[in-house]
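Scroll down for the structure; my scribbles are underneath it.
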Amino acid sequence: MIVTKREHACLVIEHAGAALVIDPGSFTAPFAVENLVAIVVTHEHGDHVTPEHLERLLAADTVPLFGPAGVAAAHPDYPWQVVGPGDTHQTDPFTLAFSGGQHAVIHRSIPVIDNVGVMVNGRLYYPGDSFTVPDAPVEVLAVPASAPWLKIGEVMDYVDAVRPARSFPTHERVNSDAGNAMANARIKLVTERHGGTFVPLAAGETLELD
């Protein structure tokens, strides 16, 4: 598999001639993919999904759209396959296993919405806006690096709990360059503490899984 990090929270995963897109949102520049077979949206916030991205990506093909109930309610014009924790779907060549269920708490005054994490082919785990620890070992972890709902100590605790073999940062568009350098250093520290490798992917860069 080849993972391409787009801006902020969006990932494009390619495998066996097919492509999977996760969380194409408002902080992500327009992009195109070939041989798209599915789109996963972890939750309804605009930095993770926009109609503009969906319309462009779906212009050439009708592919399965996976998201929790909150996403389907927020964007009812699209044929969502509603997923929740414990669900698994096969969209060849991708196996998608969903977990979690809720977005991390931003503030007690803000309602908590649906959020699912997704494990792709048993290798890459992306938690969306949460610190969900999956039940299976994680080869590659996409780590939320900055958000209104987290602090860097919680990020470090999350990496410490998951203990991935490799990690890279996501959800970092709200950071300055200095903020990203700080967050990356902390994620790297904890990843390496357990014998893992940190890869400081920036938008447009790729990670190849052997």
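Identifiers in this document derive from the order of the structure tokens: chains are assigned A, B, ..., residues are numbered from 1 separately in each chain, and ligands are numbered from 1 in order of occurrence.
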
Taking only C-alpha atoms into account, produce a table as CSV in which each residue of stretch 48-108 of chain A with an atom at most 8 Å from an atom of stretch 30-36 of chain A appears once, together with its shortest atom pair and the distance in Å to one decimal, ordered by chain and rising number.
residue,atom,partner,partner_atom,distance
A:His53,CA,A:Pro30,CA,6.9
A:Arg56,CA,A:Ala32,CA,7.7
A:Leu57,CA,A:Ala32,CA,6.6
A:Asp61,CA,A:Leu36,CA,7.5
A:Val63,CA,A:Leu36,CA,7.3

Would you save the residues of that selection, restricted to C-alpha atoms, as a PDB file, in the first residue's frame?
ATOM      1  CA  HIS A  53     -14.773  17.431  -2.614  1.00  0.00           C
ATOM      2  CA  ARG A  56     -15.449  16.320  -7.714  1.00  0.00           C
ATOM      3  CA  LEU A  57     -14.317  12.875  -6.572  1.00  0.00           C
ATOM      4  CA  ASP A  61     -17.506   7.118 -10.731  1.00  0.00           C
ATOM      5  CA  VAL A  63     -18.355   4.424  -5.398  1.00  0.00           C
TER       6      VAL A  63
END

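Among the candidates A:Val71, A:Ala104, A:Ala145, A:Ala38, the one nearest to A:Ser130 when counting only C-alpha atoms is A:Ala104.
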
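For the set A:Val190, A:Leu58, A:Ala181, A:Val159, the residue with the smallest atom-to-atom gap to A:Ala202 is A:Ala181, counting only C-alpha atoms.
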
Would you please give, as a ChimeraX atom specification, all residues of stretch 63-121 of chain A that DSSP assigns to helix (DSSP H, G or I) based on the backbone?
-> /A:69-74

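Taking atom CA of A:Gly117 and atom CA of A:Ile152 as the two end points, the separation is 19.7 Å.
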
For A:Asp129, find every residue with an atom within 12 Å (counting only C-alpha atoms), except residues of its own chain fewer than 6 positions away, and show them as a PDB file with C-alpha atoms, in the first residue's frame.
ATOM      1  CA  HIS A   8      -4.749  18.421   7.098  1.00  0.00           C
ATOM      2  CA  ALA A   9      -6.840  15.297   7.718  1.00  0.00           C
ATOM      3  CA  ASP A  23     -11.703  12.663   5.012  1.00  0.00           C
ATOM      4  CA  VAL A  41     -15.573  10.069   6.180  1.00  0.00           C
ATOM      5  CA  THR A  42     -14.949   9.756   9.909  1.00  0.00           C
ATOM      6  CA  HIS A  43     -17.288  12.564  11.017  1.00  0.00           C
ATOM      7  CA  GLU A  44     -19.330  15.510   9.812  1.00  0.00           C
ATOM      8  CA  HIS A  45     -17.030  18.480  10.546  1.00  0.00           C
ATOM      9  CA  ASP A  47     -12.444  20.055   7.804  1.00  0.00           C
ATOM     10  CA  HIS A  48     -13.142  16.354   7.135  1.00  0.00           C
ATOM     11  CA  GLY A 100     -14.626   4.230  18.154  1.00  0.00           C
ATOM     12  CA  GLY A 101     -18.063   5.813  17.882  1.00  0.00           C
ATOM     13  CA  GLN A 102     -17.708   9.347  19.263  1.00  0.00           C
ATOM     14  CA  HIS A 103     -15.739  12.491  18.532  1.00  0.00           C
ATOM     15  CA  ALA A 104     -13.403  13.638  21.302  1.00  0.00           C
ATOM     16  CA  VAL A 105     -14.895  16.253  23.640  1.00  0.00           C
ATOM     17  CA  ILE A 106     -14.115  19.805  22.541  1.00  0.00           C
ATOM     18  CA  VAL A 112     -20.436  15.286  21.054  1.00  0.00           C
ATOM     19  CA  ILE A 113     -20.972  13.949  17.537  1.00  0.00           C
ATOM     20  CA  ASP A 114     -20.469  10.596  15.813  1.00  0.00           C
ATOM     21  CA  ASN A 115     -16.919   9.655  14.799  1.00  0.00           C
ATOM     22  CA  VAL A 116     -15.437   6.400  13.568  1.00  0.00           C
ATOM     23  CA  GLY A 117     -11.830   5.335  13.298  1.00  0.00           C
ATOM     24  CA  VAL A 118     -10.852   3.052  10.442  1.00  0.00           C
ATOM     25  CA  ALA A 142      -2.011   8.439  11.528  1.00  0.00           C
ATOM     26  CA  VAL A 143      -1.705  10.651  14.617  1.00  0.00           C
ATOM     27  CA  PRO A 144      -3.869  13.756  15.175  1.00  0.00           C
ATOM     28  CA  ALA A 145      -1.238  16.406  15.921  1.00  0.00           C
ATOM     29  CA  SER A 146      -3.261  19.549  16.652  1.00  0.00           C
ATOM     30  CA  ALA A 147      -6.924  20.395  17.206  1.00  0.00           C
ATOM     31  CA  PRO A 148      -9.303  22.323  19.482  1.00  0.00           C
ATOM     32  CA  TRP A 149     -10.013  19.031  21.255  1.00  0.00           C
ATOM     33  CA  LEU A 150      -6.488  17.966  22.191  1.00  0.00           C
ATOM     34  CA  VAL A 155      -1.324  12.969  21.856  1.00  0.00           C
ATOM     35  CA  THR A 170      -2.351  14.390  10.564  1.00  0.00           C
ATOM     36  CA  HIS A 171      -4.823  17.160  11.437  1.00  0.00           C
ATOM     37  CA  GLU A 172      -1.973  19.679  11.675  1.00  0.00           C
TER      38      GLU A 172
END

Which value, in Å to one decimal, gives the distance between atom CA of A:Pro127 and atom CA of A:Ala183?
-> 17.3 Å

Could you give me, as a compact mmCIF listing (two decimals) with N, CA and C atoms, in the first residue's frame, each residue of stretch 86-160 of chain A that DSSP assigns to strand (DSSP E) when run on this structure's backbone?
# COMPACT_ATOMS: atom_id res chain seq x y z
N THR A 88 -17.30 -4.12 9.66
CA THR A 88 -16.23 -4.36 8.69
C THR A 88 -16.84 -4.44 7.30
N HIS A 89 -16.21 -3.77 6.35
CA HIS A 89 -16.67 -3.79 4.96
C HIS A 89 -15.51 -4.11 4.04
N GLN A 90 -15.81 -4.88 3.01
CA GLN A 90 -14.82 -5.24 2.00
C GLN A 90 -15.14 -4.47 0.72
N THR A 91 -14.23 -3.63 0.30
CA THR A 91 -14.33 -2.94 -0.99
C THR A 91 -13.00 -3.19 -1.68
N PHE A 94 -9.62 -3.26 -0.54
CA PHE A 94 -9.51 -2.71 0.80
C PHE A 94 -10.50 -3.38 1.76
N THR A 95 -9.98 -3.76 2.93
CA THR A 95 -10.82 -4.18 4.04
C THR A 95 -10.85 -3.04 5.05
N LEU A 96 -12.04 -2.58 5.39
CA LEU A 96 -12.22 -1.43 6.27
C LEU A 96 -12.88 -1.89 7.56
N ALA A 97 -12.18 -1.77 8.67
CA ALA A 97 -12.71 -2.15 9.98
C ALA A 97 -12.89 -0.89 10.81
N PHE A 98 -14.11 -0.65 11.29
CA PHE A 98 -14.44 0.60 11.97
C PHE A 98 -14.51 0.42 13.48
N SER A 99 -14.13 1.48 14.18
CA SER A 99 -14.11 1.43 15.65
C SER A 99 -14.40 2.82 16.20
N GLY A 100 -14.40 2.93 17.52
CA GLY A 100 -14.63 4.23 18.15
C GLY A 100 -16.10 4.48 18.39
N GLY A 101 -16.64 5.50 17.75
CA GLY A 101 -18.06 5.81 17.88
C GLY A 101 -18.35 7.27 18.16
N GLN A 102 -17.45 7.95 18.89
CA GLN A 102 -17.71 9.35 19.26
C GLN A 102 -16.48 10.22 19.03
N ASP A 114 -20.97 11.89 16.24
CA ASP A 114 -20.47 10.60 15.81
C ASP A 114 -19.08 10.73 15.20
N ASN A 115 -18.24 9.73 15.42
CA ASN A 115 -16.92 9.66 14.80
C ASN A 115 -16.50 8.19 14.77
N VAL A 116 -15.99 7.75 13.64
CA VAL A 116 -15.44 6.40 13.57
C VAL A 116 -13.96 6.46 13.17
N GLY A 117 -13.17 5.59 13.78
CA GLY A 117 -11.83 5.33 13.30
C GLY A 117 -11.89 4.20 12.30
N VAL A 118 -10.85 4.11 11.45
CA VAL A 118 -10.85 3.05 10.44
C VAL A 118 -9.48 2.40 10.34
N MET A 119 -9.49 1.08 10.35
CA MET A 119 -8.29 0.29 10.09
C MET A 119 -8.37 -0.20 8.65
N VAL A 120 -7.34 0.10 7.87
CA VAL A 120 -7.32 -0.25 6.45
C VAL A 120 -6.40 -1.44 6.24
N LEU A 124 -3.03 0.09 8.49
CA LEU A 124 -3.05 1.53 8.77
C LEU A 124 -4.28 1.88 9.61
N TYR A 125 -4.05 2.57 10.74
CA TYR A 125 -5.18 3.01 11.55
C TYR A 125 -5.24 4.52 11.59
N TYR A 126 -6.44 5.04 11.32
CA TYR A 126 -6.71 6.47 11.35
C TYR A 126 -7.91 6.69 12.27
N VAL A 140 0.89 1.08 11.20
CA VAL A 140 1.07 2.51 10.90
C VAL A 140 -0.09 3.28 11.51
N LEU A 141 0.23 4.31 12.30
CA LEU A 141 -0.78 5.14 12.95
C LEU A 141 -0.72 6.56 12.40
N ALA A 142 -1.87 7.04 11.90
CA ALA A 142 -2.01 8.44 11.53
C ALA A 142 -2.43 9.20 12.78
N VAL A 143 -1.54 10.04 13.29
CA VAL A 143 -1.71 10.65 14.62
C VAL A 143 -2.26 12.07 14.52
N PRO A 144 -3.42 12.36 15.11
CA PRO A 144 -3.87 13.76 15.18
C PRO A 144 -2.85 14.58 15.96

Selection near A:Ala165, 8 Å with only C-alpha atoms, sequence-local residues under 6 positions removed, as number ranges by chain = A: 138-140, 191, 195-197

Please write the residues from the selection above to a file, keeping C-alpha atoms, as a PDB file, in the first residue's frame.
ATOM      1  CA  VAL A 138      -1.124  -1.081  14.586  1.00  0.00           C
ATOM      2  CA  GLU A 139       1.581  -1.126  11.946  1.00  0.00           C
ATOM      3  CA  VAL A 140       1.071   2.505  10.900  1.00  0.00           C
ATOM      4  CA  THR A 191       6.992   6.389  18.874  1.00  0.00           C
ATOM      5  CA  GLY A 195      11.010   0.903  18.972  1.00  0.00           C
ATOM      6  CA  GLY A 196       8.868   2.488  16.253  1.00  0.00           C
ATOM      7  CA  THR A 197       9.703   4.941  13.483  1.00  0.00           C
TER       8      THR A 197
END

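Interatomic distance, atom CA of A:Ile13 against atom CA of A:Val133: 21.0 Å.
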
Could you tell me which of A:Arg166, A:Pro68, A:Leu20, A:Pro93 comes closest to A:Leu209 if we count only C-alpha atoms?
-> A:Arg166

Using only C-alpha atoms, determine which residues lie at most 10 Å from A:Asp77, disregarding the query and same-chain residues fewer than 4 positions distant; provide the list as an MDAnalysis selection string.
-> chainID A and resid 51 72:73
